[in-house]
$ cat protein.txt   # compact mmCIF, C-alpha atoms
# COMPACT_ATOMS: atom_id res chain seq x y z
CA MET A 79 0.00 0.00 0.00
CA ALA A 80 1.27 3.47 -0.87
CA GLN A 81 2.48 5.58 2.05
CA TYR A 82 2.77 9.35 2.04
CA ILE A 83 4.27 11.81 4.47
CA THR A 84 1.57 13.81 6.28
CA ILE A 85 1.46 17.35 7.65
CA LYS A 86 1.29 15.88 11.16
CA GLU A 87 4.57 14.01 10.64
CA ILE A 88 6.28 17.23 9.51
CA ALA A 89 4.84 19.00 12.56
CA THR A 90 6.14 16.26 14.89
CA LYS A 91 9.63 16.50 13.39
CA LEU A 92 9.69 20.28 13.85
CA GLY A 93 7.93 20.36 17.21
CA VAL A 94 5.16 22.70 15.98
CA SER A 95 1.41 22.29 15.45
CA HIS A 96 0.03 20.78 12.25
CA THR A 97 -1.92 24.03 11.76
CA THR A 98 1.37 25.95 11.63
CA VAL A 99 2.74 23.52 9.03
CA SER A 100 -0.42 23.76 6.93
CA ARG A 101 -0.37 27.56 7.01
CA ALA A 102 3.34 27.67 6.22
CA LEU A 103 2.92 25.45 3.17
CA ASN A 104 0.12 27.72 1.96
CA ASP A 105 2.09 30.99 2.54
CA HIS A 106 -0.23 32.25 5.25
CA PRO A 107 0.77 35.84 6.17
CA ARG A 108 0.63 35.09 9.93
CA ILE A 109 3.51 32.63 9.60
CA SER A 110 7.00 34.13 9.61
CA LYS A 111 9.29 33.80 6.65
CA ALA A 112 11.80 31.85 8.77
CA THR A 113 9.15 29.32 9.84
CA ARG A 114 7.87 28.97 6.28
CA GLU A 115 11.37 28.21 5.01
CA LYS A 116 12.00 25.71 7.85
CA VAL A 117 8.72 23.91 7.09
CA ARG A 118 9.45 23.76 3.36
CA GLU A 119 12.94 22.39 3.95
CA MET A 120 11.59 19.63 6.19
CA ALA A 121 8.76 18.84 3.75
CA GLU A 122 11.24 18.50 0.90
CA ARG A 123 13.61 16.37 2.96
CA LEU A 124 10.82 13.98 3.94
CA GLY A 125 9.37 13.84 0.42
CA TYR A 126 6.03 15.45 1.30
CA ARG A 127 3.44 15.72 -1.48
CA ARG A 128 0.48 18.07 -1.22
CA ASN A 129 -2.86 16.22 -0.96
CA VAL A 130 -4.90 17.74 -3.77
CA SER A 131 -8.01 15.79 -2.72
CA VAL A 132 -8.04 17.56 0.63
CA GLN A 133 -8.06 20.91 -1.14
CA VAL A 134 -11.06 19.80 -3.16
CA PHE A 135 -13.05 18.94 -0.05
CA THR A 136 -11.96 21.80 2.18
CA ARG A 137 -11.96 24.61 -0.36
CA GLY A 138 -14.25 23.31 -3.06
CA GLU A 139 -11.38 23.76 -5.52
CA SER A 140 -10.36 21.15 -8.07
CA LYS A 141 -7.54 21.20 -10.56
CA LEU A 142 -8.56 17.96 -12.25
CA ILE A 143 -10.24 17.61 -15.63
CA GLY A 144 -11.98 14.37 -16.59
CA MET A 145 -11.36 13.24 -20.16
CA ILE A 146 -13.70 10.64 -21.65
CA VAL A 147 -12.36 8.81 -24.71
CA PRO A 148 -14.26 6.24 -26.83
CA ASP A 149 -11.22 4.13 -27.72
CA LEU A 150 -7.65 4.99 -26.73
CA SER A 151 -6.25 2.34 -29.06
CA ILE A 152 -7.18 4.64 -31.96
CA HIS A 153 -4.24 6.91 -32.72
CA PHE A 154 -6.47 9.92 -33.37
CA PHE A 155 -7.91 9.86 -29.85
CA ALA A 156 -4.45 9.40 -28.35
CA ARG A 157 -3.39 12.60 -30.16
CA VAL A 158 -6.47 14.42 -28.84
CA VAL A 159 -5.47 13.42 -25.31
CA GLN A 160 -1.89 14.61 -25.88
CA GLY A 161 -3.05 17.99 -27.14
CA ALA A 162 -5.49 18.44 -24.26
CA GLN A 163 -3.00 17.29 -21.62
CA ARG A 164 -0.31 19.67 -22.82
CA THR A 165 -2.67 22.65 -22.71
CA LEU A 166 -4.21 21.72 -19.34
CA SER A 167 -0.76 21.25 -17.81
CA GLU A 168 0.25 24.76 -18.93
CA HIS A 169 -2.68 26.08 -16.90
CA GLY A 170 -2.01 23.99 -13.80
CA TYR A 171 -4.64 21.30 -14.39
CA GLY A 172 -4.22 17.55 -14.15
CA MET A 173 -6.23 14.97 -16.07
CA ILE A 174 -8.09 11.75 -15.32
CA ILE A 175 -8.62 9.67 -18.47
CA TYR A 176 -11.48 7.21 -18.94
CA ASP A 177 -11.51 4.87 -21.95
CA THR A 178 -15.12 3.78 -22.48
CA LEU A 179 -14.22 1.09 -25.04
CA GLU A 180 -17.21 2.23 -27.14
CA SER A 181 -19.58 1.24 -24.30
CA LEU A 182 -22.51 3.36 -23.08
CA SER A 183 -22.45 1.73 -19.65
CA GLN A 184 -18.72 2.49 -19.32
CA GLU A 185 -19.41 6.07 -20.39
CA VAL A 186 -22.11 6.48 -17.72
CA GLN A 187 -19.71 5.04 -15.13
CA ALA A 188 -16.98 7.42 -16.30
CA ILE A 189 -19.26 10.40 -15.61
CA GLN A 190 -19.98 9.05 -12.11
CA ASN A 191 -16.26 8.54 -11.47
CA CYS A 192 -15.55 12.09 -12.60
CA LEU A 193 -18.12 13.42 -10.15
CA ASP A 194 -16.76 11.20 -7.37
CA HIS A 195 -13.31 12.69 -7.98
CA ARG A 196 -14.81 16.20 -7.90
CA VAL A 197 -13.39 17.16 -11.29
CA ALA A 198 -13.51 20.82 -12.29
CA GLY A 199 -14.75 20.01 -15.80
CA ILE A 200 -15.13 17.26 -18.38
CA LEU A 201 -13.97 16.81 -21.99
CA ALA A 202 -15.88 14.05 -23.76
CA ALA A 203 -16.47 12.24 -27.04
CA ILE A 204 -19.45 9.91 -27.05
CA SER A 205 -19.28 6.15 -27.56
CA MET A 206 -20.68 4.24 -30.52
CA GLU A 207 -23.48 2.92 -28.28
CA THR A 208 -24.57 6.28 -26.89
CA SER A 209 -28.18 7.02 -27.77
CA SER A 210 -29.33 8.58 -24.48
CA PHE A 211 -27.64 11.53 -22.83
CA ASP A 212 -29.07 11.91 -19.32
CA HIS A 213 -25.64 11.27 -17.80
CA PHE A 214 -24.24 14.28 -19.65
CA SER A 215 -27.29 16.46 -18.94
CA SER A 216 -26.94 15.72 -15.21
CA LEU A 217 -23.60 17.57 -15.07
CA SER A 218 -25.42 20.91 -15.05
CA LYS A 219 -26.86 20.06 -11.60
CA HIS A 220 -23.34 19.97 -10.24
CA ASP A 221 -22.13 23.04 -12.17
CA VAL A 222 -19.50 20.88 -13.88
CA PRO A 223 -18.78 22.37 -17.33
CA LEU A 224 -18.72 19.98 -20.28
CA VAL A 225 -16.97 20.41 -23.62
CA PHE A 226 -17.54 17.82 -26.36
CA TYR A 227 -14.94 17.01 -29.00
CA ASP A 228 -15.17 15.08 -32.29
CA ARG A 229 -18.22 12.95 -31.42
CA VAL A 230 -20.80 15.30 -29.97
CA ALA A 231 -24.45 15.59 -28.93
CA ASN A 232 -25.56 18.51 -31.06
CA PHE A 233 -28.69 19.27 -29.05
CA LEU A 234 -26.91 19.72 -25.70
CA PRO A 235 -26.18 23.45 -25.09
CA VAL A 236 -22.43 23.14 -24.46
CA PRO A 237 -19.29 23.94 -26.49
CA LYS A 238 -18.20 21.44 -29.13
CA VAL A 239 -14.91 21.13 -31.01
CA VAL A 240 -15.21 19.26 -34.29
CA ILE A 241 -13.70 18.92 -37.73
CA ASN A 242 -15.99 19.95 -40.58
CA ASP A 243 -16.96 16.35 -41.30
CA HIS A 244 -19.52 17.28 -43.95
CA GLN A 245 -17.03 19.40 -45.90
CA ALA A 246 -14.30 16.77 -45.51
CA ALA A 247 -16.54 14.03 -46.90
CA PHE A 248 -17.77 16.32 -49.68
CA ASP A 249 -14.18 17.16 -50.66
CA ALA A 250 -13.09 13.50 -50.54
CA THR A 251 -16.00 12.37 -52.71
CA GLN A 252 -15.55 15.32 -55.06
CA PHE A 253 -11.90 14.38 -55.51
CA LEU A 254 -12.88 10.83 -56.45
CA ILE A 255 -15.46 12.11 -58.95
CA GLN A 256 -13.00 14.56 -60.50
CA SER A 257 -10.51 11.69 -60.79
CA GLY A 258 -12.96 9.98 -63.10
CA ARG A 259 -14.59 7.57 -60.66
CA LYS A 260 -18.23 6.96 -61.55
CA HIS A 261 -19.56 4.39 -59.05
CA ILE A 262 -18.55 5.34 -55.52
CA ALA A 263 -19.53 3.38 -52.40
CA HIS A 264 -19.43 4.70 -48.85
CA ILE A 265 -18.68 2.81 -45.65
CA THR A 266 -19.70 4.84 -42.62
CA ALA A 267 -19.69 3.98 -38.92
CA SER A 268 -22.83 4.14 -36.78
CA ILE A 269 -26.17 5.87 -37.06
CA ASN A 270 -25.70 7.03 -33.43
CA LEU A 271 -22.64 9.17 -34.23
CA ASN A 272 -22.93 12.73 -35.49
CA ASN A 273 -19.62 12.59 -37.37
CA SER A 274 -20.62 9.35 -39.08
CA ASN A 275 -23.87 10.89 -40.33
CA ASN A 276 -22.19 14.16 -41.30
CA ARG A 277 -19.70 12.27 -43.46
CA LEU A 278 -22.55 10.36 -45.05
CA TYR A 279 -24.37 13.61 -45.87
CA GLY A 280 -21.18 15.11 -47.30
CA TYR A 281 -20.80 12.08 -49.57
CA LEU A 282 -24.44 12.28 -50.68
CA ASP A 283 -24.26 16.04 -51.30
CA ALA A 284 -21.14 15.62 -53.44
CA LEU A 285 -22.94 13.02 -55.55
CA SER A 286 -25.93 15.35 -55.90
CA ALA A 287 -23.74 18.34 -56.81
CA ASN A 288 -22.34 16.26 -59.68
CA ASP A 289 -25.73 14.97 -60.86
CA ARG A 290 -25.03 11.49 -59.52
CA ASP A 291 -27.82 9.40 -58.04
CA ALA A 292 -27.22 7.86 -54.63
CA ASP A 293 -27.51 4.08 -54.47
CA GLU A 294 -28.52 2.74 -51.06
CA GLN A 295 -26.92 -0.60 -51.84
CA LEU A 296 -23.54 1.14 -52.05
CA ILE A 297 -23.86 2.59 -48.51
CA HIS A 298 -22.95 0.58 -45.41
CA TYR A 299 -22.94 1.25 -41.64
CA TYR A 300 -20.24 -1.09 -40.39
CA GLU A 301 -20.89 -0.38 -36.65
CA PHE A 302 -17.17 -0.82 -35.90
CA ASP A 303 -17.34 -4.48 -36.94
CA PRO A 304 -14.65 -4.85 -39.64
CA THR A 305 -15.91 -8.29 -40.63
CA SER A 306 -19.14 -6.71 -41.93
CA ILE A 307 -17.03 -4.91 -44.54
CA ASP A 308 -16.16 -8.23 -46.18
CA SER A 309 -19.73 -9.12 -47.01
CA PHE A 310 -20.60 -5.52 -47.95
CA VAL A 311 -17.78 -5.21 -50.49
CA GLU A 312 -18.79 -8.52 -52.07
CA ARG A 313 -22.46 -7.44 -52.22
CA ALA A 314 -21.53 -4.03 -53.64
CA LEU A 315 -19.42 -5.58 -56.41
CA ASN A 316 -22.17 -8.03 -57.28
CA HIS A 317 -24.72 -5.23 -57.35
CA GLN A 318 -22.45 -2.82 -59.25
CA PRO A 319 -19.71 -4.69 -61.16
CA HIS A 320 -18.30 -1.33 -62.28
CA LEU A 321 -17.73 -0.11 -58.72
CA ASP A 322 -14.55 1.94 -58.95
CA ALA A 323 -14.17 3.82 -55.63
CA ILE A 324 -14.95 3.53 -51.90
CA PHE A 325 -14.89 6.38 -49.39
CA VAL A 326 -14.51 4.98 -45.87
CA PHE A 327 -15.28 6.42 -42.40
CA ASN A 328 -11.77 5.87 -41.02
CA ASP A 329 -8.37 4.56 -42.05
CA TYR A 330 -8.62 1.29 -40.12
CA ALA A 331 -11.83 0.34 -41.93
CA ALA A 332 -10.32 1.58 -45.21
CA SER A 333 -7.27 -0.65 -44.72
CA HIS A 334 -9.60 -3.59 -44.14
CA ALA A 335 -11.54 -2.70 -47.30
CA VAL A 336 -8.32 -2.66 -49.32
CA ASN A 337 -7.45 -6.15 -48.04
CA VAL A 338 -10.92 -7.40 -49.02
CA LEU A 339 -10.57 -5.91 -52.50
CA HIS A 340 -7.18 -7.56 -52.95
CA ARG A 341 -8.63 -10.90 -51.85
CA LEU A 342 -11.40 -10.51 -54.44
CA GLY A 343 -8.84 -9.89 -57.17
CA LYS A 344 -9.32 -6.12 -57.44
CA ARG A 345 -6.34 -3.82 -57.87
CA VAL A 346 -6.14 -0.62 -55.79
CA PRO A 347 -6.30 1.99 -57.22
CA ASP A 348 -6.41 0.67 -60.82
CA ASP A 349 -9.77 -1.06 -60.44
CA VAL A 350 -11.10 0.51 -57.23
CA ALA A 351 -9.78 3.65 -55.53
CA VAL A 352 -10.04 3.84 -51.72
CA MET A 353 -10.18 7.01 -49.60
CA GLY A 354 -9.93 6.88 -45.80
CA PHE A 355 -10.29 9.41 -43.00
CA SER A 356 -8.11 10.52 -40.03
CA ASN A 357 -4.54 10.04 -41.32
CA GLU A 358 -3.76 7.25 -38.87
CA PRO A 359 -0.29 5.62 -38.92
CA VAL A 360 -1.77 2.65 -40.81
CA ALA A 361 -2.34 4.97 -43.80
CA ILE A 362 1.37 5.07 -44.63
CA GLN A 363 2.19 1.56 -43.41
CA MET A 364 -0.14 -0.25 -45.83
CA THR A 365 0.28 -1.03 -49.51
CA PRO A 366 -0.73 1.02 -51.38
CA LYS A 367 -0.39 4.03 -49.10
CA LEU A 368 -3.82 5.39 -48.27
CA SER A 369 -5.33 8.69 -49.37
CA THR A 370 -7.17 10.19 -46.40
CA VAL A 371 -8.39 13.31 -44.58
CA LYS A 372 -6.18 14.92 -41.94
CA HIS A 373 -8.11 14.88 -38.67
CA ALA A 374 -5.88 17.21 -36.57
CA GLY A 375 -6.31 15.35 -33.28
CA GLU A 376 -3.74 17.31 -31.29
CA LYS A 377 -5.25 20.63 -32.37
CA MET A 378 -8.72 19.40 -31.43
CA GLY A 379 -7.48 18.47 -27.95
CA GLN A 380 -5.79 21.83 -27.52
CA LEU A 381 -8.89 23.76 -28.54
CA ALA A 382 -11.16 21.71 -26.27
CA ALA A 383 -8.80 22.18 -23.32
CA GLN A 384 -8.45 25.92 -23.99
CA LYS A 385 -12.22 26.24 -24.03
CA ILE A 386 -12.77 24.53 -20.68
CA VAL A 387 -9.90 26.44 -19.06
CA SER A 388 -11.45 29.73 -20.21
CA ILE A 389 -14.84 28.69 -18.82
CA LEU A 390 -13.31 27.72 -15.46
CA ALA A 391 -11.40 31.01 -15.33
CA LYS A 392 -14.75 32.82 -15.84
CA GLN A 393 -13.35 34.37 -19.00
CA GLU A 394 -16.11 32.80 -21.10
CA PRO A 395 -19.63 31.62 -20.30
CA LEU A 396 -20.75 28.04 -20.89
CA VAL A 397 -22.69 28.48 -24.12
CA ASN A 398 -23.81 26.39 -27.06
CA GLU A 399 -21.13 26.96 -29.68
CA LYS A 400 -19.27 24.91 -32.24
CA ILE A 401 -15.56 25.37 -32.92
CA ILE A 402 -14.91 23.94 -36.38
CA ILE A 403 -11.55 22.78 -37.72
CA SER A 404 -11.17 22.90 -41.51
CA PRO A 405 -10.37 19.60 -43.26
CA GLU A 406 -7.35 18.83 -45.43
CA LEU A 407 -7.13 16.06 -48.03
CA ILE A 408 -3.94 14.00 -48.15
CA ILE A 409 -3.62 12.25 -51.53
CA ARG A 410 -1.54 9.08 -51.74
CA GLU A 411 -1.31 5.92 -53.84
CA SER A 412 -4.73 4.39 -53.09
CA THR A 413 -6.52 6.95 -55.27

$ encode --input "protein.txt" --output "structure tokens"
Amino acid sequence: MAQYITIKEIATKLGVSHTTVSRALNDHPRISKATREKVREMAERLGYRRNVSVQVFTRGESKLIGMIVPDLSIHFFARVVQGAQRTLSEHGYGMIIYDTLESLSQEVQAIQNCLDHRVAGILAAISMETSSFDHFSSLSKHDVPLVFYDRVANFLPVPKVVINDHQAAFDATQFLIQSGRKHIAHITASINLNNSNNRLYGYLDALSANDRDADEQLIHYYEFDPTSIDSFVERALNHQPHLDAIFVFNDYAASHAVNVLHRLGKRVPDDVAVMGFSNEPVAIQMTPKLSTVKHAGEKMGQLAAQKIVSILAKQEPLVNEKIIISPELIIREST
């Protein structure tokens, strides 16, 4: 079991009251400079660490931010965490990270754990399973500010930091059309996710803008089950033998789609071009290297952290606003 030096132990060593030690460590004006220095020297020698939890309970102050992540194994979310952590650290905040593993029940538990730890605020992206939002709405009762990033609940009146998913998908599909591709399929994620639906609408709007009819049999929600992509690609090719492009929700699913195409005897990009999303490491590790959309995870984390820090500093009110990051296409061998 971990053991930590207490204020009482410092007081015993110095032969003073624990109140004197506490005041000295907090620069109380009634404690002399000499006593403050003596207390600090003893605290350092003994390896004393300030108990932040005590401050939370005695002063109502917290310097912890809860960060809720759908899946930390995804490189994009790891970069979001890095960006947020760097910014929060610059402003004196620590972070508690909860990986929900795409589970609604884990997400609900994460909110409860954040409240139990008396966090000052929460940064969150919703899980694939999230279809009810009472656990997020309840934060207002505790005056705990919430900032969504990437995957958001649009109807909740809180700040949100997102990439322009609709524009990104429009641009990706438009690029494929301008490259001469005529029959373009789309693999999206889950009907529960705003970014999944926004990318679908961007794809559909690009088809419409180019006088192309949408074909429902060339659209697939893979619900984060890569094996469903196998049967979809086979069905799509049977339905449309001239299928010549696929725009995919993320790079992991796109990599899987490329493997399926290869197994079915299709050459990428000669027969079928493939466009991903997020610019994950897999995009440059696979063959052919994957064209994709830059997702700017670190920037998203920084902006979300800056927003919650400003709210906690009373510099900005907690309002319904959307901070939008512009997309950037990265063209590689797969298209």

$ residues_around --input "protein.txt" --residues "A:Pro235" --least-positions-apart "3" --cutoff "10 Å" --atoms "only C-alpha atoms" --output "ChimeraX atom specification"
/A:215,224-225,231-232,238,396-399

$ closest_residue --input "protein.txt" --among "A:Ser404, A:Thr251, A:Asn288, A:Gln190" --to "A:Thr370" --atoms "all atoms listed in the file"
A:Thr251

$ closest_residue --input "protein.txt" --among "A:Arg410, A:Lys86, A:Ile324, A:Leu381" --to "A:Thr365" --atoms "only C-alpha atoms"
A:Arg410

$ atom_distance --input "protein.txt" --atom1 "atom CA of A:Tyr330" --atom2 "atom CA of A:Glu358"
7.8 Å

$ atom_distance --input "protein.txt" --atom1 "atom CA of A:Arg114" --atom2 "atom CA of A:Arg101"
8.4 Å

$ closest_residue --input "protein.txt" --among "A:Arg341, A:His96, A:Lys377, A:Lys392" --to "A:Val239" --atoms "all atoms listed in the file"
A:Lys377

$ atom_distance --input "protein.txt" --atom1 "atom CA of A:Asp194" --atom2 "atom CA of A:Ile143"
12.3 Å

$ residues_around --input "protein.txt" --residues "A:Met364" --least-positions-apart "2" --cutoff "12 Å" --atoms "all atoms listed in the file" --output "MDAnalysis selection string"
chainID A and resid 329:330 332:337 346 358:362 366:369 410:412
